[in-house]
>>> print(open('data03.txt').read())   # compact mmCIF, C-alpha atoms
# COMPACT_ATOMS: atom_id res chain seq x y z
CA MET I 299 16.29 -3.72 22.26
CA LEU I 300 14.65 -1.80 25.13
CA SER I 301 16.78 0.01 27.68
CA ALA I 302 16.05 2.18 30.71
CA ARG I 303 17.96 5.35 31.38
CA SER I 304 16.98 7.86 34.10
CA GLY I 305 13.49 6.46 34.07
CA ALA I 306 13.03 7.00 30.33
CA LEU I 307 12.68 4.24 27.77
CA SER I 308 14.33 4.26 24.37
CA PHE I 309 14.17 1.84 21.46
CA ARG I 310 17.24 0.76 19.56
CA LEU I 311 17.30 -0.97 16.21
CA LEU I 312 20.19 -3.11 15.03
CA ALA I 313 20.76 -1.77 11.54
CA ALA I 314 22.00 -3.72 8.52
CA ASP I 315 25.52 -2.47 9.15
CA GLY I 316 25.51 -3.82 12.71
CA LYS I 317 25.27 -0.39 14.33
CA LYS I 318 22.63 0.39 16.91
CA GLU I 319 20.40 3.30 16.01
CA ASN I 320 18.24 5.18 18.50
CA MET I 321 14.71 5.24 17.16
CA PRO I 322 12.00 7.81 17.94
CA ARG I 323 10.31 7.18 21.29
CA SER I 324 6.87 7.54 19.68
CA TYR I 325 7.41 4.14 18.11
CA LEU I 326 8.12 2.43 21.44
CA SER I 327 4.64 1.23 22.32
CA LEU I 328 4.02 -0.49 18.99
CA SER I 329 7.52 -1.90 18.90
CA ALA I 330 6.97 -3.36 22.34
CA LEU I 331 3.78 -4.98 21.09
CA TRP I 332 5.85 -6.60 18.35
CA LEU I 333 8.12 -8.11 21.00
CA VAL I 334 5.07 -9.54 22.76
CA LEU I 335 3.08 -10.71 19.73
CA GLY I 336 5.84 -11.67 17.28
CA CYS I 337 6.80 -15.30 16.70
CA GLY I 338 10.25 -16.70 17.31
CA SER I 339 12.70 -17.05 14.45
CA SER I 340 12.18 -20.79 14.18
CA GLU I 341 8.48 -20.90 14.99
CA SER I 342 5.97 -21.63 12.27
CA SER I 343 2.23 -21.97 12.11
CA THR I 344 -0.63 -22.76 9.80
CA GLN I 345 -4.04 -21.16 9.91
CA LYS I 346 -7.09 -22.58 8.26
CA GLY I 347 -10.69 -21.54 7.99
CA GLY I 348 -13.28 -21.42 5.24
CA ASN I 349 -11.30 -20.56 2.15
CA HIS I 350 -8.06 -19.33 3.66
CA VAL I 351 -4.86 -21.21 4.40
CA GLN I 352 -1.68 -19.46 5.36
CA PRO I 353 1.36 -21.61 6.16
CA GLY I 354 4.80 -20.23 6.73
CA ASN I 355 7.25 -18.79 9.19
CA CYS I 356 5.82 -16.45 11.81
CA GLN I 357 8.38 -13.72 11.24
CA PRO I 358 6.87 -10.62 9.61
CA PHE I 359 6.54 -10.45 5.85
CA THR I 360 7.41 -14.12 5.18
CA GLN I 361 3.93 -15.59 5.04
CA VAL I 362 2.44 -17.05 1.90
CA ALA I 363 -1.28 -16.72 1.35
CA CYS I 364 -3.78 -17.42 -1.39
CA VAL I 365 -7.51 -17.70 -1.81
CA CYS I 366 -9.72 -19.64 -4.20
CA PRO I 367 -11.20 -17.54 -7.04
CA ASP I 368 -14.49 -19.37 -6.56
CA MET I 369 -15.79 -18.35 -3.17
CA SER I 370 -17.93 -21.49 -2.98
CA GLN I 371 -14.72 -23.47 -2.60
CA SER I 372 -12.40 -23.64 0.34
CA GLN I 373 -8.66 -23.34 0.33
CA GLY I 374 -6.95 -26.72 0.29
CA THR I 375 -3.20 -26.34 0.47
CA CYS I 376 -0.82 -23.54 -0.19
CA SER I 377 2.89 -23.89 -0.77
CA GLN I 378 5.74 -21.79 -2.06
CA ASP I 379 7.72 -23.04 -5.04
CA GLY I 380 10.41 -20.57 -6.03
CA THR I 381 8.60 -17.33 -6.81
CA PHE I 382 5.28 -19.00 -7.54
CA ILE I 383 2.47 -19.63 -5.10
CA ASN I 384 0.66 -22.90 -5.80
CA CYS I 385 -2.85 -23.25 -4.43
CA ALA I 386 -5.21 -26.19 -4.45
CA CYS I 387 -8.90 -25.59 -3.95
CA GLY I 388 -11.47 -28.14 -2.89
CA SER I 389 -15.08 -28.27 -1.84
CA ALA I 390 -16.50 -25.78 0.58
CA GLY I 391 -15.30 -26.22 4.14
CA ALA I 392 -16.31 -24.90 7.47
CA GLY I 393 -14.93 -21.59 8.63
CA GLY I 394 -13.50 -20.71 11.99
CA GLY I 395 -10.93 -22.49 14.12
CA GLY I 396 -7.25 -21.93 14.45
CA GLY I 397 -5.61 -18.56 14.59
CA PHE I 398 -2.25 -16.96 13.95
CA GLY I 399 -0.31 -14.96 16.50
CA GLY I 400 -3.58 -13.90 18.10
CA THR I 401 -5.01 -12.81 14.73
CA PRO I 402 -8.58 -13.93 13.94
CA LEU I 403 -9.03 -16.06 10.86
CA GLY I 404 -10.03 -14.29 7.66
CA GLY I 405 -8.20 -11.19 8.77
CA ALA I 406 -4.57 -12.14 8.35
CA PRO I 407 -2.72 -8.88 7.76
CA GLN I 408 -0.53 -8.29 4.75
CA GLY I 409 2.39 -7.12 6.75
CA GLY I 410 1.75 -4.72 9.53
CA PHE I 411 3.91 -2.49 11.62
CA GLY I 412 6.79 -4.35 13.21
CA GLY I 413 4.80 -7.53 12.71
CA VAL I 414 1.72 -6.12 14.44
CA PRO I 415 -1.47 -6.62 12.36
CA PHE I 416 -3.09 -3.71 10.59
CA GLY I 417 -6.10 -1.94 11.89
CA GLY I 418 -8.01 -1.33 15.05
CA SER I 419 -7.19 -1.10 18.70
CA ALA I 420 -5.18 -3.73 20.56
CA GLY I 421 -3.64 -4.77 17.27
CA LEU I 422 -6.84 -6.24 15.85
CA PRO I 423 -6.63 -6.48 12.07
CA GLN I 424 -9.05 -4.81 9.73
CA GLY I 425 -9.48 -8.31 8.47
CA GLY I 426 -12.15 -9.79 6.30
CA THR I 427 -15.31 -11.69 6.96
CA ALA I 428 -16.10 -15.34 6.50
CA GLY I 429 -12.42 -16.06 6.07
CA ILE I 430 -11.82 -13.58 3.25
CA PRO I 431 -8.34 -12.06 3.47
CA GLN I 432 -7.65 -8.37 3.06
CA GLY I 433 -6.31 -8.83 -0.44
CA GLY I 434 -8.56 -8.65 -3.45
CA SER I 435 -12.32 -8.43 -3.51
CA ALA I 436 -15.03 -11.01 -3.98
CA GLY I 437 -12.44 -13.67 -3.34
CA ILE I 438 -10.12 -12.53 -6.13
CA PRO I 439 -6.54 -12.70 -4.87
CA GLU I 440 -4.27 -9.73 -5.20
CA GLY I 441 -2.78 -12.22 -7.46
CA GLY I 442 -0.02 -13.48 -9.45
CA SER I 443 3.68 -13.37 -9.57
CA ALA I 444 6.12 -13.55 -12.46
CA GLY I 445 3.62 -11.75 -14.67
CA ILE I 446 0.59 -13.97 -14.00
CA PRO I 447 -2.62 -11.90 -14.35
CA GLN I 448 -4.40 -11.12 -11.13
CA GLY I 449 -7.82 -12.49 -10.44
CA GLY I 450 -10.32 -13.45 -13.06
CA SER I 451 -10.73 -16.88 -14.53
CA ALA I 452 -10.70 -18.32 -18.03
CA GLY I 453 -8.97 -15.17 -19.20
CA ILE I 454 -11.76 -12.82 -18.08
CA PRO I 455 -10.20 -9.67 -16.58
CA GLN I 456 -11.03 -8.44 -13.09
CA GLY I 457 -13.89 -6.02 -12.74
CA GLY I 458 -15.48 -7.03 -16.05
CA SER I 459 -17.17 -9.83 -17.87
CA ALA I 460 -17.84 -10.72 -21.45
CA GLY I 461 -19.37 -7.85 -23.38
CA ILE I 462 -19.14 -5.27 -20.59
CA PRO I 463 -17.13 -2.15 -21.58
CA GLN I 464 -14.05 -1.47 -19.52
CA GLU I 465 -12.64 1.81 -18.38
CA THR I 466 -9.67 2.77 -20.50
CA GLY I 467 -6.25 3.55 -19.11
CA GLY I 468 -3.83 6.23 -20.17
CA THR I 469 -3.33 9.74 -18.86
CA SER I 470 -6.22 11.49 -20.60
CA GLY I 471 -9.16 9.58 -19.13
CA GLY I 472 -11.91 8.23 -21.37
CA GLY I 473 -14.19 5.24 -21.18
CA PRO I 474 -17.47 5.06 -19.28
CA ASP I 475 -18.08 7.87 -16.84
CA PRO I 476 -16.86 6.87 -13.35
CA THR I 477 -19.19 6.61 -10.38
CA ALA I 478 -18.50 6.83 -6.67
CA ASP I 479 -18.90 3.06 -6.55
CA SER I 480 -16.55 2.30 -9.46
CA ALA I 481 -13.91 4.60 -7.94
CA SER I 482 -14.16 2.75 -4.61
CA LYS I 483 -13.29 -0.76 -5.78
CA GLN I 484 -10.92 -2.66 -8.03
CA GLY I 485 -11.00 -1.36 -11.58
CA PRO I 486 -11.59 -3.08 -14.94
CA CYS I 487 -8.00 -3.41 -16.15
CA THR I 488 -6.31 -6.80 -15.97
CA VAL I 489 -3.22 -6.47 -13.78
CA GLN I 490 0.17 -8.14 -14.03
CA GLN I 491 3.37 -7.55 -12.10
CA TYR I 492 7.07 -8.10 -12.62
CA THR I 493 10.39 -7.65 -10.87
CA GLN I 494 12.91 -9.04 -13.36
CA GLY I 495 15.33 -6.54 -14.81
CA VAL I 496 14.25 -3.64 -12.59
CA PRO I 497 17.27 -2.35 -10.65
CA GLY I 498 17.34 -1.17 -7.06
CA GLY I 499 19.18 1.92 -5.83
CA PRO I 500 21.10 3.25 -2.85
CA ASP I 501 17.92 3.98 -0.89
CA TYR I 502 15.47 1.38 -2.19
CA VAL I 503 15.48 -2.32 -3.12
CA ASN I 504 13.13 -5.04 -4.40
CA PRO I 505 11.07 -2.96 -6.84
CA THR I 506 7.83 -4.64 -7.93
CA VAL I 507 5.97 -3.13 -10.89
CA TYR I 508 2.19 -3.52 -11.17
CA TYR I 509 0.74 -2.59 -14.57
CA PRO I 510 -2.48 -2.86 -16.61
CA THR I 511 -2.53 -5.15 -19.65
CA SER I 512 -6.09 -4.79 -20.96
CA CYS I 513 -6.30 -0.99 -20.98
CA PRO I 514 -4.48 1.27 -23.45
CA GLY I 515 -1.53 3.46 -22.48
CA PRO I 516 0.46 5.51 -22.10
CA PHE I 517 0.29 5.10 -18.34
CA ALA I 518 1.17 7.59 -15.61
CA GLY I 519 3.50 6.19 -12.94
CA ILE I 520 3.33 6.04 -9.15
CA VAL I 521 6.04 4.92 -6.72
CA ALA I 522 5.10 3.86 -3.18
CA ILE I 523 7.30 3.22 -0.15
CA PRO I 524 6.37 1.68 3.24
CA GLY I 525 6.93 2.82 6.82
CA PHE I 526 9.22 1.99 9.72
CA THR I 527 9.88 -1.79 10.00
CA GLU I 528 7.47 -2.41 7.12
CA ALA I 529 8.08 -4.13 3.81
CA GLN I 530 6.16 -3.28 0.67
CA ASN I 531 3.54 -5.94 1.35
CA ALA I 532 2.15 -3.59 3.99
CA ILE I 533 0.87 -1.32 1.21
CA ASN I 534 0.86 -3.48 -1.93
CA GLN I 535 -2.92 -3.42 -2.22
CA TRP I 536 -2.31 0.04 -3.65
CA GLY I 537 -0.25 -1.52 -6.45
CA THR I 538 -3.05 -3.84 -7.48
CA PHE I 539 -5.78 -1.23 -7.04
CA LEU I 540 -4.07 1.57 -8.96
CA ALA I 541 -2.94 -0.67 -11.82
CA SER I 542 -6.50 -1.96 -12.19
CA HIS I 543 -7.53 1.65 -12.85
CA GLY I 544 -4.93 2.32 -15.53
CA PHE I 545 -1.78 3.40 -13.66
CA VAL I 546 1.66 1.81 -13.41
CA ALA I 547 2.56 1.47 -9.73
CA MET I 548 5.95 0.43 -8.38
CA MET I 549 6.23 -0.76 -4.78
CA VAL I 550 9.70 -0.68 -3.19
CA ASP I 551 11.40 -1.60 0.07
CA THR I 552 13.68 0.79 1.94
CA ALA I 553 17.46 0.51 1.98
CA ALA I 554 20.68 2.09 3.19
CA GLY I 555 23.63 1.92 0.83
CA GLY I 556 21.74 -0.48 -1.42
CA VAL I 557 21.13 -2.96 1.43
CA ALA I 558 17.61 -3.57 2.72
CA ASN I 559 16.99 -1.60 5.91
CA THR I 560 13.50 -0.96 7.29
CA GLY I 561 14.68 1.51 9.92
CA VAL I 562 15.80 4.44 7.76
CA GLN I 563 14.36 7.87 8.50
CA PRO I 564 11.95 9.93 6.33
CA PRO I 565 14.67 11.86 4.41
CA ALA I 566 16.22 8.57 3.25
CA ARG I 567 12.78 7.37 2.17
CA ALA I 568 12.34 10.59 0.18
CA ASN I 569 15.61 9.81 -1.58
CA GLY I 570 14.44 6.27 -2.25
CA LEU I 571 11.21 7.54 -3.79
CA TRP I 572 13.01 9.93 -6.11
CA GLU I 573 15.54 7.30 -7.17
CA ALA I 574 12.70 4.87 -7.85
CA VAL I 575 10.77 7.45 -9.89
CA GLN I 576 13.75 7.72 -12.22
CA THR I 577 13.97 3.94 -12.44
CA LEU I 578 10.29 3.69 -13.31
CA GLN I 579 10.73 6.31 -16.01
CA ALA I 580 13.61 4.28 -17.43
CA GLU I 581 11.30 1.27 -17.81
CA ASN I 582 9.84 3.15 -20.79
CA THR I 583 13.07 2.62 -22.74
CA ARG I 584 14.80 -0.34 -21.07
CA SER I 585 15.34 -3.26 -23.40
CA GLY I 586 13.15 -6.13 -22.30
CA SER I 587 10.81 -3.99 -20.22
CA PRO I 588 7.17 -5.10 -20.48
CA LEU I 589 6.32 -1.39 -20.41
CA ALA I 590 8.68 -0.18 -23.14
CA GLY I 591 7.01 2.73 -24.91
CA GLN I 592 3.96 2.64 -22.60
CA ILE I 593 4.90 4.98 -19.73
CA ASP I 594 4.11 8.68 -19.67
CA THR I 595 7.46 9.70 -18.18
CA GLY I 596 6.25 13.25 -17.58
CA SER I 597 3.47 12.09 -15.26
CA MET I 598 4.96 10.71 -12.05
CA ALA I 599 3.64 10.65 -8.48
CA VAL I 600 4.75 9.35 -5.08
CA MET I 601 3.06 7.95 -2.00
CA GLY I 602 4.09 6.31 1.26
CA HIS I 603 2.97 5.15 4.69
CA SER I 604 4.10 6.49 8.07
CA MET I 605 7.81 7.35 7.74
CA GLY I 606 7.31 6.65 4.04
CA GLY I 607 4.52 9.21 4.09
CA GLY I 608 6.90 11.70 5.68
CA GLY I 609 9.37 10.88 2.92
CA THR I 610 6.60 11.44 0.37
CA LEU I 611 5.96 14.98 1.60
CA ILE I 612 9.70 15.71 1.73
CA ALA I 613 10.03 14.50 -1.87
CA ALA I 614 7.07 16.62 -2.99
CA ASN I 615 8.61 19.64 -1.28
CA ALA I 616 11.89 19.08 -3.13
CA HIS I 617 10.78 17.93 -6.60
CA SER I 618 8.24 20.17 -8.25
CA THR I 619 8.16 18.03 -11.41
CA LEU I 620 6.08 15.44 -9.55
CA LYS I 621 2.40 15.65 -10.44
CA ALA I 622 0.85 14.33 -7.21
CA ALA I 623 1.67 12.97 -3.75
CA ILE I 624 -0.28 11.03 -1.12
CA GLY I 625 0.85 10.64 2.49
CA LEU I 626 -0.70 7.65 4.24
CA CYS I 627 -0.71 8.80 7.89
CA PRO I 628 2.67 10.49 7.29
CA TRP I 629 5.17 10.50 10.16
CA ASN I 630 7.71 13.34 10.18
CA PRO I 631 7.37 15.25 13.47
CA GLY I 632 7.93 18.96 13.01
CA GLY I 633 8.16 18.62 9.26
CA THR I 634 7.06 21.58 7.15
CA TYR I 635 6.71 21.84 3.39
CA PRO I 636 6.65 25.51 2.38
CA GLN I 637 8.05 24.79 -1.10
CA ASP I 638 5.52 22.09 -1.94
CA THR I 639 3.74 22.95 -5.18
CA VAL I 640 2.82 19.31 -5.88
CA PRO I 641 -0.88 18.46 -5.31
CA SER I 642 -0.75 16.65 -1.96
CA LEU I 643 -3.30 14.48 -0.14
CA ILE I 644 -2.87 13.49 3.51
CA PHE I 645 -4.79 10.70 5.24
CA ALA I 646 -5.07 10.64 9.06
CA GLY I 647 -7.07 8.91 11.81
CA THR I 648 -8.36 10.06 15.17
CA ALA I 649 -7.16 6.81 16.83
CA ASP I 650 -3.65 6.98 15.38
CA VAL I 651 -1.31 6.76 18.39
CA LEU I 652 1.80 7.48 16.28
CA VAL I 653 0.63 10.40 14.18
CA ALA I 654 -1.96 12.35 16.15
CA PRO I 655 -4.40 14.44 14.11
CA SER I 656 -2.76 17.56 15.50
CA GLN I 657 0.56 16.48 13.97
CA ALA I 658 -0.94 15.46 10.64
CA SER I 659 -3.00 18.64 10.32
CA ALA I 660 0.04 20.79 11.20
CA GLU I 661 1.99 19.19 8.34
CA TYR I 662 -0.99 19.76 6.06
CA GLN I 663 -1.26 23.42 7.07
CA SER I 664 2.45 23.93 6.29
CA ILE I 665 1.76 23.24 2.61
CA PRO I 666 1.02 26.56 0.87
CA GLY I 667 -2.63 27.41 0.39
CA THR I 668 -1.96 27.98 -3.29
CA THR I 669 -1.06 24.31 -3.73
CA PRO I 670 -3.91 21.90 -4.45
CA LYS I 671 -4.19 19.84 -1.28
CA CYS I 672 -6.60 17.68 0.66
CA TYR I 673 -6.79 16.47 4.28
CA SER I 674 -8.93 13.41 5.06
CA GLU I 675 -9.16 12.41 8.72
CA PHE I 676 -11.23 9.35 9.70
CA THR I 677 -13.20 8.87 12.90
CA GLY I 678 -11.60 6.00 14.81
CA GLY I 679 -8.97 5.51 12.10
CA SER I 680 -5.74 3.84 13.21
CA HIS I 681 -2.22 4.37 11.90
CA PHE I 682 -3.05 1.86 9.16
CA VAL I 683 -6.42 3.24 8.09
CA SER I 684 -5.21 4.15 4.59
CA ASN I 685 -3.09 1.08 3.78
CA THR I 686 -5.79 -1.21 2.38
CA PRO I 687 -7.89 0.27 -0.46
CA LEU I 688 -9.19 -3.21 -1.28
CA GLY I 689 -10.17 -4.04 2.29
CA PRO I 690 -13.73 -4.65 3.53
CA ALA I 691 -14.04 -1.74 5.98
CA ALA I 692 -16.18 1.28 5.15
CA THR I 693 -13.13 3.52 5.44
CA ASP I 694 -11.22 1.34 2.96
CA LYS I 695 -13.70 2.24 0.23
CA VAL I 696 -13.42 5.94 1.03
CA VAL I 697 -9.61 5.72 1.06
CA ALA I 698 -9.75 3.99 -2.33
CA ARG I 699 -12.11 6.60 -3.80
CA PHE I 700 -10.13 9.58 -2.50
CA GLY I 701 -6.73 8.15 -3.44
CA LEU I 702 -7.79 7.12 -6.94
CA SER I 703 -9.60 10.40 -7.57
CA TRP I 704 -6.60 12.41 -6.44
CA PHE I 705 -4.35 10.60 -8.90
CA LYS I 706 -6.94 10.67 -11.68
CA VAL I 707 -7.43 14.43 -11.39
CA HIS I 708 -3.87 15.59 -10.79
CA LEU I 709 -1.79 12.85 -12.43
CA ALA I 710 -4.00 11.62 -15.28
CA GLY I 711 -5.79 14.91 -15.91
CA ASP I 712 -9.25 13.37 -15.65
CA ALA I 713 -11.47 16.05 -14.13
CA ARG I 714 -14.46 13.69 -13.95
CA TYR I 715 -13.11 12.38 -10.64
CA GLN I 716 -13.10 15.78 -8.94
CA GLN I 717 -16.70 15.22 -7.82
CA PHE I 718 -15.62 12.30 -5.59
CA LEU I 719 -13.32 14.46 -3.48
CA ALA I 720 -15.88 15.52 -0.91
CA LYS I 721 -16.35 14.93 2.83
CA ASP I 722 -17.65 11.47 3.68
CA ALA I 723 -19.66 10.35 6.70
CA THR I 724 -16.57 8.47 7.95
CA ASN I 725 -14.55 11.70 8.06
CA SER I 726 -14.08 13.53 11.36
CA ASN I 727 -12.26 16.31 9.53
CA PHE I 728 -11.94 17.10 5.85
CA ASP I 729 -10.43 19.96 3.90
CA LEU I 730 -9.93 20.48 0.19
CA LYS I 731 -8.05 23.17 -1.65
CA PRO I 732 -8.55 22.23 -5.33
>>> encode(input="data03.txt", output="structure tokens")
Amino acid sequence: MLSARSGALSFRLLAADGKKENMPRSYLSLSALWLVLGCGSSESSTQKGGNHVQPGNCQPFTQVACVCPDMSQSQGTCSQDGTFINCACGSAGAGGGGGFGGTPLGGAPQGGFGGVPFGGSAGLPQGGTAGIPQGGSAGIPEGGSAGIPQGGSAGIPQGGSAGIPQETGGTSGGGPDPTADSASKQGPCTVQQYTQGVPGGPDYVNPTVYYPTSCPGPFAGIVAIPGFTEAQNAINQWGTFLASHGFVAMMVDTAAGGVANTGVQPPARANGLWEAVQTLQAENTRSGSPLAGQIDTGSMAVMGHSMGGGGTLIAANAHSTLKAAIGLCPWNPGGTYPQDTVPSLIFAGTADVLVAPSQASAEYQSIPGTTPKCYSEFTGGSHFVSNTPLGPAATDKVVARFGLSWFKVHLAGDARYQQFLAKDATNSNFDLKP
């Protein structure tokens, strides 16, 4: 709730244990937007346009969305049946019309911050065009649940077609030489995901594992955690994207005492990341794991958004056995990382009202100069500029290329990607210490 005291405003969150927690004042403005833009607990809506239908409850993170693989078709109906999403596609329909919580069609966010859409000023989502949602590319959905392959049709993997060689997975590189373009979009590996049998921990819950099925292992592992009030769907494009390039990526939600809690602070998120890294390593030997014998347990990395990004840098500072870390607009005011020897990449944006460039660059400068590190700041980038590597914006492609290249070089040991870590036209500030 919002309260006034001596002329100052503070934000309080009702935690899972029923206690009120004072939250940082820097989150007030966006939290207030949530109160204005968010739907009521019993309100529902449906948005239609072109090839996108999204029915469901208006509360954050409960929407169901899907898109027809054939972009010449329009979305018919979309319903949720257990853990499966059933979509029916029909003939092409007209775009436009409708809307959802003030969000333009074709740009429905995958989560957002406190229910506020990703991207630009005034809460405008990064969105898509012609009704294409943020997920996937060329109309391919981020795809599947319960181990159903993402995208493709008739068994043809994403990013490839009959007779075209695919990039191999594993931690030693190989396959066709990458290009700036191939590193900026979804990769050639067919992706599946699973949740069954993967345990949660004291500081994380709901682990979802994304993994490649058409590329050879062993696979390096990456654990990602979201920011304040976010669930993992705010950053799950990273799961799809990284797995399509030969990594195993596990997305998690935050928790306190094993109970879901989106309000925990960066140190708790660091704990959640480290706990989840050990769980992902255990998938290599767990009976019934789809990845038994396929994970390179000595090659683990972490990443996170906002408070999760702050937790990422804290974890890198504390656990030198990690091979790489990426902070997506990391929030941890005053945080320093003098013991960080883990190669660390930080994304930032000049229009980020929660993590100003001065704050992000100060955290970056606190990492020793002897540690491989990179700072990528985007002109006009919001607090969510680095959340959507499969999005349509020009910065999304740069985020994808930098993030993938960082993990390929430092986690997979593939030096061919080093060439793609260079200042882009969308960068207002860039620094690299290889």
>>> residues_around(input="data03.txt", residues="segment 518-530 of chain I", least_positions_apart="6", cutoff="8 Å", atoms="all atoms listed in the file", output="ChimeraX atom specification")
/I:359,409-412,468-469,545-552,560-563,567,571,574-575,578-579,593-607,709-710
>>> closest_residue(input="data03.txt", among="I:Thr668, I:Gln592, I:Asn725, I:Ser480", to="Ala698 of chain I", atoms="all atoms listed in the file")
I:Ser480
>>> closest_residue(input="data03.txt", among="I:Gly537, I:Pro565, I:Pro588, I:Pro474", to="Thr511 of chain I", atoms="only C-alpha atoms")
I:Pro588
>>> closest_residue(input="data03.txt", among="I:Gly499, I:Gly586, I:Pro732, I:Gly679", to="Thr648 of chain I", atoms="all atoms listed in the file")
I:Gly679
>>> closest_residue(input="data03.txt", among="I:Tyr509, I:Phe645, I:Asp475, I:Asn531", to="Gln491 of chain I", atoms="all atoms listed in the file")
I:Tyr509
>>> closest_residue(input="data03.txt", among="I:Thr634, I:Asn534, I:Thr619, I:Ser726", to="Gln576 of chain I", atoms="all atoms listed in the file")
I:Thr619
>>> closest_residue(input="data03.txt", among="I:Gly609, I:Gly495, I:Pro476, I:Gly485", to="Leu688 of chain I", atoms="only C-alpha atoms")
I:Gly485
>>> atom_distance(input="data03.txt", atom1="atom CA of Val489 of chain I", atom2="atom CA of Glu581 of chain I")
16.9 Å
>>> residues_around(input="data03.txt", residues="Arg714 of chain I", least_positions_apart="2", cutoff="10 Å", atoms="all atoms listed in the file", output="PyMOL selection string")
chain I and resi 471-472+475-477+703+706-707+711-712+716-718
>>> atom_distance(input="data03.txt", atom1="atom CA of Ala720 of chain I", atom2="atom CA of Pro670 of chain I")
14.0 Å
>>> atom_distance(input="data03.txt", atom1="atom CA of Ile624 of chain I", atom2="atom CA of Ser642 of chain I")
5.7 Å
>>> residues_around(input="data03.txt", residues="segment 657-663 of chain I", least_positions_apart="6", cutoff="10 Å", atoms="all atoms listed in the file", output="mmCIF file with C-alpha atoms, keeping the file's coordinate frame")
data_model
loop_
_atom_site.group_PDB
_atom_site.id
_atom_site.type_symbol
_atom_site.label_atom_id
_atom_site.label_comp_id
_atom_site.auth_asym_id
_atom_site.auth_seq_id
_atom_site.Cartn_x
_atom_site.Cartn_y
_atom_site.Cartn_z
ATOM 1 C CA GLY I 608 6.900 11.700 5.680
ATOM 2 C CA LEU I 611 5.960 14.980 1.600
ATOM 3 C CA GLY I 625 0.850 10.640 2.490
ATOM 4 C CA CYS I 627 -0.710 8.800 7.890
ATOM 5 C CA PRO I 628 2.670 10.490 7.290
ATOM 6 C CA TRP I 629 5.170 10.500 10.160
ATOM 7 C CA ASN I 630 7.710 13.340 10.180
ATOM 8 C CA PRO I 631 7.370 15.250 13.470
ATOM 9 C CA GLY I 632 7.930 18.960 13.010
ATOM 10 C CA GLY I 633 8.160 18.620 9.260
ATOM 11 C CA THR I 634 7.060 21.580 7.150
ATOM 12 C CA TYR I 635 6.710 21.840 3.390
ATOM 13 C CA PRO I 636 6.650 25.510 2.380
ATOM 14 C CA SER I 642 -0.750 16.650 -1.960
ATOM 15 C CA LEU I 643 -3.300 14.480 -0.140
ATOM 16 C CA ILE I 644 -2.870 13.490 3.510
ATOM 17 C CA PHE I 645 -4.790 10.700 5.240
ATOM 18 C CA ALA I 646 -5.070 10.640 9.060
ATOM 19 C CA GLY I 647 -7.070 8.910 11.810
ATOM 20 C CA LYS I 671 -4.190 19.840 -1.280
ATOM 21 C CA CYS I 672 -6.600 17.680 0.660
ATOM 22 C CA TYR I 673 -6.790 16.470 4.280
ATOM 23 C CA SER I 674 -8.930 13.410 5.060
ATOM 24 C CA GLU I 675 -9.160 12.410 8.720
ATOM 25 C CA ASN I 727 -12.260 16.310 9.530
ATOM 26 C CA ASP I 729 -10.430 19.960 3.900
#
